[in-house]
Each structure stands twice: as structure tokens, then as C-alpha cells.
file query_16.txt (compact mmCIF, C-alpha atoms)
# COMPACT_ATOMS: atom_id res chain seq x y z
CA MET A 295 21.82 -14.94 10.50
CA LYS A 296 22.87 -15.11 6.86
CA THR A 297 20.60 -13.53 4.31
CA ARG A 298 18.91 -15.97 1.95
CA PHE A 299 18.95 -13.60 -0.98
CA THR A 300 22.01 -13.08 -3.20
CA THR A 301 22.98 -9.69 -4.63
CA ARG A 302 21.27 -10.61 -7.91
CA ASP A 303 18.09 -11.62 -6.05
CA LEU A 304 18.00 -8.32 -4.20
CA VAL A 305 18.55 -6.31 -7.37
CA TYR A 306 15.77 -8.21 -9.15
CA ILE A 307 13.50 -7.64 -6.14
CA ALA A 308 14.33 -3.93 -6.46
CA VAL A 309 13.63 -4.01 -10.22
CA PHE A 310 10.19 -5.57 -9.81
CA GLY A 311 9.45 -3.43 -6.75
CA ALA A 312 10.32 -0.33 -8.78
CA LEU A 313 8.12 -1.50 -11.70
CA TRP A 314 5.13 -2.04 -9.40
CA GLY A 315 6.02 1.20 -7.59
CA VAL A 316 5.99 3.18 -10.84
CA LEU A 317 2.54 1.77 -11.62
CA GLU A 318 1.25 2.66 -8.14
CA ILE A 319 2.73 6.14 -8.07
CA THR A 320 1.72 7.17 -11.60
CA LEU A 321 -1.24 5.13 -12.84
CA GLY A 322 -2.61 4.36 -9.36
CA SER A 323 -2.71 7.99 -8.24
CA TYR A 324 -4.23 9.02 -11.58
CA LEU A 325 -6.95 6.34 -11.50
CA HIS A 326 -7.83 7.13 -7.87
CA LEU A 327 -8.42 10.73 -8.95
CA ILE A 328 -10.54 9.84 -11.99
CA PHE A 329 -12.53 7.02 -10.39
CA PRO A 330 -13.47 7.70 -6.78
CA PRO A 331 -14.72 4.61 -4.83
CA VAL A 332 -18.36 5.71 -5.18
CA ALA A 333 -18.09 5.60 -8.99
CA THR A 334 -16.75 2.04 -9.07
CA PRO A 335 -18.72 -0.07 -6.59
CA LEU A 336 -18.03 -3.58 -7.90
CA VAL A 337 -14.45 -3.29 -9.18
CA GLY A 338 -12.56 -0.44 -7.55
CA VAL A 339 -9.26 1.07 -8.60
CA GLY A 340 -7.68 -0.86 -5.71
CA THR A 341 -8.70 -4.15 -7.31
CA ILE A 342 -7.28 -3.16 -10.69
CA MET A 343 -4.03 -1.85 -9.20
CA THR A 344 -3.63 -4.99 -7.05
CA ALA A 345 -4.12 -7.18 -10.13
CA MET A 346 -1.53 -5.19 -12.10
CA GLY A 347 0.86 -5.23 -9.16
CA MET A 348 0.44 -8.97 -8.81
CA VAL A 349 1.30 -9.47 -12.48
CA VAL A 350 4.61 -7.67 -11.87
CA ALA A 351 5.34 -9.31 -8.49
CA LEU A 352 4.56 -12.82 -9.72
CA ILE A 353 6.80 -12.39 -12.78
CA GLY A 354 9.40 -11.31 -10.22
CA ARG A 355 8.88 -14.64 -8.47
CA LEU A 356 10.04 -16.44 -11.63
CA PHE A 357 13.28 -14.50 -11.50
CA VAL A 358 13.79 -14.83 -7.74
CA PRO A 359 12.45 -18.33 -7.08
CA LYS A 360 12.72 -18.16 -3.30
CA THR A 361 10.09 -18.02 -0.58
CA GLY A 362 9.63 -14.44 0.59
CA SER A 363 10.56 -12.75 -2.69
CA VAL A 364 7.00 -11.56 -3.41
CA LEU A 365 6.72 -10.23 0.15
CA MET A 366 10.02 -8.39 -0.28
CA ILE A 367 8.79 -6.88 -3.56
CA GLY A 368 5.61 -5.77 -1.74
CA VAL A 369 7.57 -4.15 1.08
CA VAL A 370 9.74 -2.26 -1.44
CA VAL A 371 6.56 -1.00 -3.15
CA ALA A 372 5.04 0.03 0.20
CA ILE A 373 8.17 2.06 1.04
CA LEU A 374 8.15 3.66 -2.43
CA LYS A 375 4.47 4.47 -1.93
CA ALA A 376 5.32 6.24 1.34
CA LEU A 377 7.80 8.40 -0.50
CA SER A 378 5.44 9.44 -3.29
CA MET A 379 3.44 12.66 -3.38
CA GLY A 380 -0.05 12.80 -1.90
CA GLY A 381 -1.91 12.38 1.37
CA VAL A 382 -1.92 9.59 3.95
CA LYS A 383 -0.71 6.33 2.43
CA LEU A 384 -0.79 4.04 5.46
CA PRO A 385 -3.92 2.07 4.41
CA ALA A 386 -2.53 1.56 0.89
CA MET A 387 0.89 0.55 2.25
CA LEU A 388 -0.71 -1.97 4.61
CA ALA A 389 -2.87 -3.33 1.79
CA ILE A 390 0.17 -3.86 -0.45
CA ILE A 391 2.05 -5.71 2.30
CA ILE A 392 -0.95 -7.89 3.22
CA GLU A 393 -1.63 -8.69 -0.45
CA SER A 394 2.01 -9.68 -0.95
CA LEU A 395 1.80 -11.90 2.14
CA LEU A 396 -1.33 -13.59 0.81
CA ALA A 397 0.28 -14.11 -2.60
CA GLU A 398 3.26 -15.64 -0.83
CA LEU A 399 0.86 -17.95 1.03
CA GLY A 400 -0.70 -19.00 -2.29
CA LEU A 401 2.73 -19.81 -3.70
CA ILE A 402 3.66 -21.80 -0.59
CA LEU A 403 0.42 -23.78 -0.89
CA ALA A 404 1.18 -24.49 -4.56
CA ARG A 405 4.64 -25.76 -3.47
CA ARG A 406 6.36 -25.12 -6.84
CA PRO A 407 5.92 -22.31 -9.36
CA ASN A 408 3.31 -23.27 -11.93
CA ARG A 409 0.37 -21.64 -13.66
CA GLY A 410 -2.11 -22.88 -11.02
CA GLY A 411 0.05 -21.62 -8.17
CA PHE A 412 0.34 -18.20 -9.78
CA MET A 413 -3.43 -18.05 -10.28
CA LEU A 414 -4.04 -19.08 -6.65
CA ALA A 415 -1.58 -16.42 -5.44
CA GLY A 416 -3.28 -13.78 -7.61
CA CYS A 417 -6.74 -14.80 -6.33
CA LEU A 418 -5.72 -14.61 -2.66
CA ALA A 419 -4.04 -11.22 -3.13
CA VAL A 420 -6.90 -9.62 -5.04
CA LEU A 421 -9.49 -11.09 -2.64
CA TRP A 422 -7.99 -8.92 0.09
CA THR A 423 -9.34 -5.81 -1.65
CA PHE A 424 -12.83 -6.95 -0.56
CA PHE A 425 -11.84 -7.33 3.10
CA HIS A 426 -9.59 -4.27 3.05
CA LYS A 427 -12.63 -2.02 2.82
CA PHE A 428 -13.88 -3.38 6.16
CA PHE A 429 -10.41 -3.38 7.71
CA ALA A 430 -9.41 0.14 6.62
CA SER A 431 -12.82 1.66 7.43
CA TYR A 432 -12.74 0.17 10.92
CA VAL A 433 -9.09 0.80 11.74
CA PHE A 434 -8.53 4.19 10.13
CA LEU A 435 -11.97 5.76 10.06
CA GLY A 436 -13.65 4.04 13.00
CA ARG A 437 -16.66 3.07 10.91
CA GLY A 438 -18.54 0.02 12.15
CA ILE A 439 -18.16 -3.12 10.09
CA TYR A 440 -21.95 -3.36 9.81
CA ASP A 441 -22.14 0.17 8.33
CA VAL A 442 -19.53 -0.74 5.72
CA TYR A 443 -21.40 -3.97 4.98
CA LEU A 444 -24.67 -2.08 4.46
CA GLY A 445 -22.97 0.50 2.24
CA MET A 446 -21.40 -2.27 0.19
CA LEU A 447 -24.74 -4.04 -0.20
CA LYS A 448 -26.35 -0.80 -1.31
CA GLU A 449 -23.65 -0.11 -3.90
CA GLY A 450 -23.72 -3.72 -5.07
CA SER A 451 -27.50 -3.83 -5.40
CA GLN A 452 -27.46 -0.62 -7.47
CA ALA A 453 -24.66 -1.87 -9.72
CA LEU A 454 -26.29 -5.27 -10.29
CA GLY A 455 -29.82 -3.90 -10.50
CA ILE A 456 -31.23 -6.23 -7.81
CA GLY A 457 -32.73 -5.63 -4.37
CA MET A 458 -30.65 -5.45 -1.19
CA GLY A 459 -32.47 -8.58 -0.02
CA TYR A 460 -30.21 -10.66 -2.26
CA ALA A 461 -27.32 -10.02 0.11
CA VAL A 462 -25.64 -13.39 -0.43
CA LEU A 463 -25.80 -12.97 -4.20
CA ILE A 464 -24.28 -9.49 -3.98
CA ILE A 465 -21.43 -10.63 -1.72
CA VAL A 466 -20.78 -13.66 -3.95
CA ALA A 467 -20.64 -11.30 -6.96
CA PHE A 468 -18.07 -9.11 -5.14
CA LEU A 469 -15.94 -12.13 -4.27
CA LEU A 470 -16.32 -13.85 -7.65
CA ILE A 471 -15.20 -10.77 -9.57
CA ARG A 472 -12.09 -10.56 -7.43
CA ILE A 473 -11.34 -14.26 -7.81
CA VAL A 474 -11.63 -13.98 -11.60
CA VAL A 475 -9.50 -10.80 -11.74
CA GLY A 476 -6.88 -12.34 -9.43
CA GLY A 477 -6.80 -15.60 -11.39
CA LEU A 478 -6.41 -13.66 -14.61
CA ALA A 479 -3.53 -11.67 -13.10
CA GLY A 480 -1.77 -14.92 -12.14
CA TRP A 481 -2.35 -16.38 -15.61
CA VAL A 482 -1.04 -13.24 -17.35
CA ALA A 483 2.00 -13.20 -15.03
CA TRP A 484 2.81 -16.81 -15.91
CA GLU A 485 2.42 -16.20 -19.66
CA LEU A 486 4.45 -12.97 -19.68
CA GLY A 487 7.06 -14.55 -17.40
CA GLN A 488 7.53 -17.42 -19.85
CA GLU A 489 7.90 -14.96 -22.72
CA ILE A 490 10.54 -12.98 -20.82
CA ARG A 491 12.21 -16.25 -19.87
CA ASP A 492 12.52 -16.95 -23.62
CA GLN A 493 14.60 -13.77 -23.90
CA GLY A 494 17.15 -15.64 -21.78
CA LEU A 495 17.52 -13.02 -19.07
CA GLY A 496 18.62 -13.86 -15.56
CA ILE A 497 16.49 -17.01 -15.23
CA ARG A 498 17.90 -19.70 -13.01
CA ASP A 499 16.16 -23.04 -12.59
CA MET B 196 14.58 17.88 17.36
CA ARG B 197 16.85 14.85 16.96
CA ALA B 198 16.98 13.90 20.65
CA VAL B 199 14.17 11.47 19.97
CA GLY B 200 15.34 8.65 17.71
CA THR B 201 13.68 6.18 15.37
CA TRP B 202 12.29 4.09 18.24
CA GLY B 203 10.61 7.14 19.74
CA HIS B 204 9.10 8.09 16.39
CA LEU B 205 7.90 4.55 15.80
CA ALA B 206 6.34 4.42 19.28
CA PHE B 207 4.59 7.73 18.60
CA LEU B 208 3.17 6.45 15.29
CA VAL B 209 1.89 3.21 16.86
CA TRP B 210 0.49 5.14 19.84
CA ALA B 211 -1.42 7.58 17.60
CA ILE B 212 -2.89 4.81 15.44
CA VAL B 213 -3.88 2.59 18.40
CA LEU B 214 -5.48 5.46 20.32
CA GLY B 215 -7.15 6.70 17.13
CA ILE B 216 -8.81 3.29 16.87
CA LEU B 217 -9.61 2.71 20.54
CA ALA B 218 -10.43 6.15 21.93
CA PRO B 219 -14.17 6.64 22.12
CA GLY B 220 -16.04 9.71 20.77
CA GLY B 221 -15.04 12.98 22.40
CA ARG B 222 -11.70 11.66 23.68
CA LEU B 223 -10.51 11.71 20.09
CA LEU B 224 -10.26 15.47 20.53
CA LEU B 225 -7.74 14.89 23.31
CA VAL B 226 -5.84 12.38 21.17
CA LEU B 227 -5.73 14.86 18.29
CA GLY B 228 -4.57 17.63 20.64
CA LEU B 229 -1.78 15.46 22.02
CA VAL B 230 -0.71 14.34 18.54
CA ALA B 231 -0.59 17.99 17.41
CA VAL B 232 1.45 19.00 20.50
CA PHE B 233 3.92 16.12 20.06
CA SER B 234 4.21 16.83 16.33
CA ALA B 235 4.93 20.51 17.00
CA LEU B 236 7.51 19.56 19.65
CA PHE B 237 9.38 16.77 17.89
CA PHE B 238 8.86 17.05 14.13
CA GLN B 239 7.49 20.33 12.87
CA GLY B 240 7.92 19.25 9.25
CA GLY B 241 5.34 16.58 10.02
CA LEU B 242 2.70 19.29 10.15
CA ARG B 243 2.97 19.68 6.37
CA PRO B 244 -0.06 17.46 5.55
CA ILE B 245 -2.42 19.86 7.33
CA ARG B 246 -1.20 22.73 5.14
CA ARG B 247 -2.54 20.97 2.05
CA LEU B 248 -5.90 22.09 0.71
CA GLU B 249 -6.86 18.62 -0.57
CA PHE B 250 -6.33 17.19 2.92
CA TRP B 251 -8.86 19.64 4.38
CA ALA B 252 -11.21 18.90 1.49
CA LEU B 253 -11.07 15.22 2.48
CA VAL B 254 -11.73 16.02 6.16
CA ALA B 255 -14.57 18.40 5.28
CA SER B 256 -16.15 15.85 2.94
CA ALA B 257 -16.24 13.27 5.79
CA VAL B 258 -18.06 15.75 8.07
CA LEU B 259 -20.37 17.15 5.40
CA LEU B 260 -21.34 13.95 3.60
CA SER B 261 -21.79 11.63 6.58
CA PRO B 262 -25.14 13.17 7.74
CA PHE B 263 -26.49 12.25 4.28
CA LEU B 264 -24.97 8.76 4.03
CA ILE B 265 -24.84 7.27 7.55
CA GLY B 266 -27.71 6.54 9.95
CA GLU B 267 -31.41 7.30 9.92
CA LYS B 268 -32.54 10.79 8.88
CA ASP B 269 -33.92 12.46 12.00
CA LEU B 270 -33.27 16.14 11.30
CA PHE B 271 -34.71 18.47 8.66
CA LEU B 272 -32.63 21.55 7.92
CA CYS B 273 -33.18 23.95 5.00
CA GLY B 274 -35.22 21.30 3.23
CA LEU B 275 -32.50 18.64 3.64
CA SER B 276 -32.96 15.33 5.50
CA LEU B 277 -29.97 14.76 7.74
CA SER B 278 -28.85 12.24 10.34
CA ARG B 279 -27.46 13.35 13.70
CA GLN B 280 -25.80 9.94 14.09
CA GLY B 281 -24.18 10.44 10.68
CA PHE B 282 -22.89 13.88 11.66
CA TRP B 283 -21.18 12.58 14.81
CA ALA B 284 -19.82 9.52 12.99
CA GLY B 285 -18.40 11.84 10.31
CA LEU B 286 -16.87 14.14 12.89
CA TRP B 287 -15.13 11.28 14.74
CA MET B 288 -13.99 9.90 11.40
CA ALA B 289 -12.46 13.28 10.49
CA LEU B 290 -10.70 13.54 13.89
CA ARG B 291 -9.29 10.03 13.49
CA ALA B 292 -8.08 10.81 9.96
CA LEU B 293 -6.48 14.04 11.19
CA SER B 294 -4.68 12.28 14.09
CA VAL B 295 -3.37 9.48 11.89
CA ALA B 296 -2.36 11.91 9.11
CA LEU B 297 -0.35 14.03 11.53
CA ALA B 298 1.36 11.00 13.06
CA VAL B 299 2.18 9.44 9.68
CA GLY B 300 3.37 12.78 8.30
CA GLY B 301 5.61 13.25 11.33
CA PHE B 302 6.98 9.73 11.07
CA ALA B 303 7.70 10.09 7.34
CA TYR B 304 9.39 13.44 7.98
CA ALA B 305 11.52 12.31 10.92
CA VAL B 306 12.54 8.80 9.85
CA SER B 307 14.75 8.45 6.77
CA VAL B 308 14.22 5.77 4.10
CA ASP B 309 17.38 4.09 5.34
CA GLU B 310 16.06 3.91 8.91
CA MET B 311 12.69 2.67 7.68
CA ALA B 312 14.36 -0.07 5.67
CA TRP B 313 16.50 -0.95 8.69
CA LEU B 314 13.34 -1.38 10.79
CA PHE B 315 12.07 -3.90 8.24
CA GLU B 316 15.45 -5.61 8.18
CA MET B 317 15.32 -6.04 11.94
CA ALA B 318 11.93 -7.70 11.43
CA GLY B 319 13.73 -10.36 9.35
CA LEU B 320 13.65 -8.89 5.85
CA LYS B 321 17.41 -8.91 5.27
CA GLY B 322 18.87 -6.93 2.39
CA LEU B 323 15.81 -4.69 2.19
CA GLY B 324 17.82 -1.49 2.64
CA PHE B 325 19.91 -2.32 -0.42
CA ALA B 326 16.82 -3.30 -2.44
CA VAL B 327 14.99 -0.06 -1.54
CA GLY B 328 18.05 2.00 -2.44
CA VAL B 329 18.35 0.32 -5.84
CA ALA B 330 14.58 0.68 -6.45
CA VAL B 331 14.61 4.41 -5.63
CA ASN B 332 17.55 4.91 -8.00
CA MET B 333 15.84 2.94 -10.76
CA LEU B 334 12.54 4.82 -10.72
CA PRO B 335 13.55 7.66 -13.11
CA THR B 336 15.33 5.23 -15.48
CA LEU B 337 12.29 2.96 -15.57
CA GLU B 338 9.93 5.83 -16.30
CA GLU B 339 12.18 7.03 -19.11
CA THR B 340 12.63 3.61 -20.74
CA ALA B 341 8.90 2.89 -20.47
CA ARG B 342 8.09 6.22 -22.12
CA ASN B 343 10.67 5.62 -24.88
CA ALA B 344 9.32 2.13 -25.59
CA TYR B 345 5.74 3.44 -25.62
CA ASP B 346 6.63 6.30 -28.00
CA ALA B 347 8.56 3.98 -30.31
CA MET B 348 5.61 1.57 -30.56
CA ARG B 349 3.08 4.35 -30.99
CA LEU B 350 5.11 5.99 -33.78
CA ARG B 351 5.12 2.63 -35.58
CA GLY B 352 1.34 2.52 -35.33
CA GLY B 353 1.48 -0.09 -32.59
CA PHE B 354 -1.66 0.88 -30.75
CA GLN B 355 -3.88 1.36 -33.80
CA ARG B 356 -4.60 -2.34 -34.28
CA GLU B 357 -3.99 -5.47 -32.17
CA ARG B 358 -3.82 -3.35 -29.05
CA LEU B 359 -3.55 -6.25 -26.63
CA GLN B 360 -0.64 -7.74 -28.57
CA THR B 361 1.10 -4.33 -28.57
CA LEU B 362 0.48 -3.88 -24.85
CA ARG B 363 1.98 -7.30 -24.19
CA MET B 364 5.04 -6.39 -26.30
CA LEU B 365 5.36 -3.10 -24.43
CA LEU B 366 5.29 -4.87 -21.05
CA VAL B 367 7.86 -7.45 -22.14
CA THR B 368 10.11 -4.71 -23.54
CA VAL B 369 9.90 -2.62 -20.36
CA ILE B 370 10.60 -5.60 -18.08
CA VAL B 371 13.46 -6.92 -20.24
CA ASN B 372 15.06 -3.46 -20.32
CA ALA B 373 14.65 -3.15 -16.55
CA LEU B 374 16.27 -6.56 -16.03
CA ARG B 375 19.19 -5.62 -18.31
CA ARG B 376 19.66 -2.49 -16.21
CA GLY B 377 19.42 -4.70 -13.12
CA ASP B 378 22.21 -6.93 -14.44
CA GLU B 379 24.42 -3.85 -14.79
CA VAL B 380 23.67 -2.93 -11.16
CA VAL B 381 24.55 -6.48 -10.05
CA GLU B 382 27.89 -6.30 -11.89
CA ALA B 383 28.62 -2.88 -10.37
CA ALA B 384 27.74 -4.10 -6.87
CA GLU B 385 29.84 -7.25 -7.19
CA ALA B 386 32.75 -5.27 -8.61
CA ARG B 387 32.64 -3.24 -5.39
CA ALA B 388 32.64 -6.46 -3.34
CA PHE B 389 29.12 -5.86 -2.02
CA ARG B 390 27.67 -8.84 -0.15
CA PRO B 391 24.13 -8.88 1.30
CA ASP B 392 25.44 -10.87 4.27
CA GLY B 393 28.36 -8.45 4.67
CA PRO B 394 29.25 -6.55 7.85
CA ARG B 395 26.28 -6.11 10.16
CA ARG B 396 24.96 -2.61 10.67
CA GLU B 397 24.80 -1.10 14.08
CA PRO B 398 21.38 -1.63 15.67
CA LEU B 399 19.23 1.48 15.88
CA PRO B 400 20.04 3.16 19.20
CA LEU B 401 17.37 3.34 21.90
CA GLY B 402 18.23 6.56 23.71
CA ARG B 403 17.07 8.06 26.98
CA ALA B 404 14.77 10.48 25.16
CA ASP B 405 13.13 7.54 23.38
CA LEU B 406 12.55 5.72 26.66
CA ILE B 407 11.09 8.82 28.30
CA LEU B 408 8.82 9.47 25.31
CA ILE B 409 7.65 5.82 25.26
CA ALA B 410 6.90 5.95 29.02
CA VAL B 411 4.98 9.24 28.65
CA LEU B 412 3.01 7.92 25.67
CA MET B 413 2.13 4.71 27.52
CA ALA B 414 0.99 6.61 30.62
CA LEU B 415 -1.10 9.00 28.52
CA GLY B 416 -2.57 6.15 26.51
CA VAL B 417 -3.57 4.14 29.57
CA GLY B 418 -4.94 7.29 31.20
CA LEU B 419 -7.01 8.20 28.14
CA LEU B 420 -8.49 4.75 27.75
CA ALA B 421 -8.98 3.83 31.41
CA TRP B 422 -10.40 7.18 32.57
CA PRO B 423 -14.07 6.60 33.45
call {"tool": "encode", "arguments": {"input": "query_16.txt", "output": "C-alpha cells"}}
result
Amino acid sequence: MKTRFTTRDLVYIAVFGALWGVLEITLGSYLHLIFPPVATPLVGVGTIMTAMGMVVALIGRLFVPKTGSVLMIGVVVAILKALSMGGVKLPAMLAIIIESLLAELGLILARRPNRGGFMLAGCLAVLWTFFHKFFASYVFLGRGIYDVYLGMLKEGSQALGIGMGYAVLIIVAFLLIRIVVGGLAGWVAWELGQEIRDQGLGIRD
Amino acid sequence: MRAVGTWGHLAFLVWAIVLGILAPGGRLLLVLGLVAVFSALFFQGGLRPIRRLEFWALVASAVLLSPFLIGEKDLFLCGLSLSRQGFWAGLWMALRALSVALAVGGFAYAVSVDEMAWLFEMAGLKGLGFAVGVAVNMLPTLEETARNAYDAMRLRGGFQRERLQTLRMLLVTVIVNALRRGDEVVEAAEARAFRPDGPRREPLPLGRADLILIAVLMALGVGLLAWP
């Protein structure tokens, strides 16, 4: 089977993977230390880091306009994450790969790179941070999904200042925030990508 | 011990994670014991995570905080309301975390980046090994250029007003510099006649030790889960 990526594609995938990797290893580790999950119930560090990573990965898509490039960037980041200092990284590595897959799905649904497609890809990727809490708690910690759901409702009700009875409202708030953050990440990626494109570097139509 | 190859290490990692998820309550102790024994036998460097203080702080926090956060409070101790259900849930959580940490630490210790990348390549992500190699080599350069660009902008008063505009300029500068560096890498690779679809690498060998380890792990796994 011949590889679909040229040498230039692979190097650009490495460049954007390294850029996202640097963010994850430096800023991500730092933010996780400063803001533990309990301190940030509605928008966690994971959400912010995913949004920033998506900005980088989606700009990368402009430079490697082939299906699978965002996933490849994500896998490079996951491997870099495994090599960085710190404790167990498996949940974070899985999250990065799943988010890249979802972004790829968004780009496939949009058919051709455009602002809307980038925003859809960003939304899908950042939305995973909501479900990741359930997934990681169940798979890695063995916590029941219902326990996580209750904990999330409690945190959400405290952050929003409403009762836990407004469960639907709280969940919608969680999802809406992620959709907005993801959409913003896609929009920023498109804008920055165009600006870098104007510098005339490595862009091929 | 290098008798066990990448396939054996991968099987061990998958086995530890799957049993960590599926093994009920007290059997997690057995899973943890087996993971510790295998780690000590096959990759002693993998025991490094449990020598870290912060790792034990994480494990202790799961055991100590869970009685306060999970389940109904049904126990009063030294004036504190605690939950027995929370205590057990925290304990099983800590055992799971310990098992997975040991297995992941062992895997990361025993399997090189190259072998890891090759595993992904076999899953269809061609050229990944090359991309990971380039990314690892670029990390220090990227950090340095990002720091230089940040310092240059800060010294010119960049972040004192119009911070968003400056941040945008910083990002563009860092990415453009990284791409320029990438172009140099492409030229160097092409000058050395590198082709992503070049000669195929040898598949990772599946040795006798791997097969034996996989068989033992499967038997133990089935035994642990099916035992009444």
C-alpha cells in the first residue's frame, strides 16, 4: 500500500503535531496544576487545551489538505504526550486521538475546507471533553456513569447558582459552552490560517 | 528482559486495562498483584511511577476523599460524616489507577518511540514514524523560537496594549517560523532521497516468549473473570 502523504505533508504534520505537543506539555501541565477539575466545573483545562490544540491542528489541515491529516497530527501529539514528564497519560492520549478523529469527521461532513467546516470540526472535538469525563471515569477509575452524572450536576448547579432539579438546563449549559468554545476555535483557526497563507508558505491548493 | 517483544508488552498493557475495568471489587487486588509481578519480571524500569511521591498523593487522595464525596453518609468518625460505600469505591478506584499506572509505565519503558510509531503505522497510519521523529527533533527548536518571538514582542511593548492583536501576531510568527524550519527539513530529507513509500520495514516479530506470555495472560484473565 502506498502512503498518501508526501514527505512535505509528513513534515508539516510533524510541525503542527510538535506545536500542539509543546502547548500540551508546557501550558497544559501547568494549567492542570493551577486549576484542578474541582476548581473549574463548567470549563475545565481539558476544554481549553482541546480548543487550543484544535486551532493548531485545523491550521495544519490548511497546509496538508488531505483526509486523515488532523488524525495524524493528533496521534503525533498523543505520542509526544506519552514521552513528557508526569504521571499516567493514557486518558489524555486517548482523548487527543478521539478528539482528532471527531474533528476529522467534521471536516469530512463539511466536504471541503471552509470556515463552517472548521467550526463544525472544532465543535465536535471540544464536545468530546464533556463525554470524556464519563468515559475516563468509567474506564480508568471504575466510577459509575450515574455517579459522574450526579457529580457533574452538583458542580454545574453550584457554578450556575441554580438547583440540581434543573438537570436539563445544566447539561445544556455544559454542552453549549463546549459548542461555542469549539466553534470559536474553528473560526480562529480559519482566520489565522488565512493570515499565514498570505505569508505564502507551503500552501498548495 | 528483552525475550518478550513489543507484541508481548502490548498484550500485557491491554490485559491490565481490560481486567482493571472488568474485574469486580476484591479481585482487583489479584489483578494489581499480577501486574506488579509481571512488571518486576519483564520491565523493572516500569516500576518507576510508584516511586514518585505525587503518584502516591493521587492514590491517597482517591481513598481519603471518596468517603466524603461518594455515596450516602452512614458512618460518624471523630465528628466527620463518612460513607462506607464511598470508601470502598475510592479503594477500588485507587487499585485500578495503580494497576493501569504500572502497566502503562512498563509499556512506556519497554517499548521505544520507534516501535510505538510502527504499531500505529501497522494500523494504517503510514509515515507516522518519520513524522514522530521530526516532531521530537523540532520540540526544542520550537520552544526556543517561541520564546525568542515572545521576548522580542514584549521588549517592544507588545503586550502592554492591544494584547489580542499581539497574541495573534505571536502565533503567526511562531507558526511561520516553524513552517520555514519544516521546509528546511523537507529539503534535507529529499536531498537524502527519503520517500515515505520507500522500502518497507520488517514487521515487528512475534516471538515464542510473546506467544507464551499472551497465552498465560489470556488464561489468567479468563480465570479471574469466570471464577465464581
call {"tool": "residues_near_point", "arguments": {"input": "query_16.txt", "point": "(-18.4, -13.0, -1.9)", "cutoff": "12 Å", "atoms": "all atoms listed in the file", "output": "PyMOL selection string"}}
result
chain A and resi 336+421-425+443+446-447+450+461-474
call {"tool": "interface_residues", "arguments": {"input": "query_16.txt", "of": "chain B", "to": "chain A", "cutoff": "6 Å", "atoms": "all atoms listed in the file", "output": "JSON, numbers by chain"}}
result
{"B": [216, 288, 296, 321, 326, 327, 329, 330, 334, 381, 392]}
call {"tool": "residues_around", "arguments": {"input": "query_16.txt", "residues": "Leu286 of chain B", "least_positions_apart": "5", "cutoff": "12 Å", "atoms": "only C-alpha atoms", "output": "list in words"}}
result
Leu435, Gly436 and Arg437 of chain A; Gly220, Gly221, Leu223, Leu224, Leu253, Val254, Ala255, Ser256, Ala257, Val258, Leu259, Leu260, Ser261, Pro262, Ile265, Arg279, Gln280, Gly281, Arg291, Ala292 and Leu293 of chain B
call {"tool": "atom_distance", "arguments": {"input": "query_16.txt", "atom1": "atom CA of Ala252 of chain B", "atom2": "atom CA of Pro385 of chain A"}}
result
18.6 Å
call {"tool": "residues_around", "arguments": {"input": "query_16.txt", "residues": "Ala298 of chain B", "least_positions_apart": "6", "cutoff": "8 Å", "atoms": "only C-alpha atoms", "output": "ChimeraX atom specification"}}
result
/B:207-208,211-212,230,234,241
call {"tool": "atom_distance", "arguments": {"input": "query_16.txt", "atom1": "atom CA of Arg247 of chain B", "atom2": "atom CA of His426 of chain A"}}
result
26.2 Å
call {"tool": "atom_distance", "arguments": {"input": "query_16.txt", "atom1": "atom CA of Gly338 of chain A", "atom2": "atom CA of Val475 of chain A"}}
result
11.6 Å
call {"tool": "residues_around", "arguments": {"input": "query_16.txt", "residues": "Val411 of chain B", "least_positions_apart": "5", "cutoff": "12 Å", "atoms": "only C-alpha atoms", "output": "number ranges by chain"}}
result
B: 203, 206-207, 210, 229, 233, 404-406, 416-418
call {"tool": "residues_around", "arguments": {"input": "query_16.txt", "residues": "segment 406-418 of chain A", "least_positions_apart": "6", "cutoff": "7 Å", "atoms": "only C-alpha atoms", "output": "ChimeraX atom specification"}}
result
/A:348,352,396-398,400,472-473,476-481,484
call {"tool": "residues_around", "arguments": {"input": "query_16.txt", "residues": "Trp422 of chain B", "least_positions_apart": "5", "cutoff": "12 Å", "atoms": "all atoms listed in the file", "output": "list of chain:residue names"}}
result
B:Ala218, B:Pro219, B:Arg222, B:Ala414, B:Leu415, B:Gly416, B:Val417
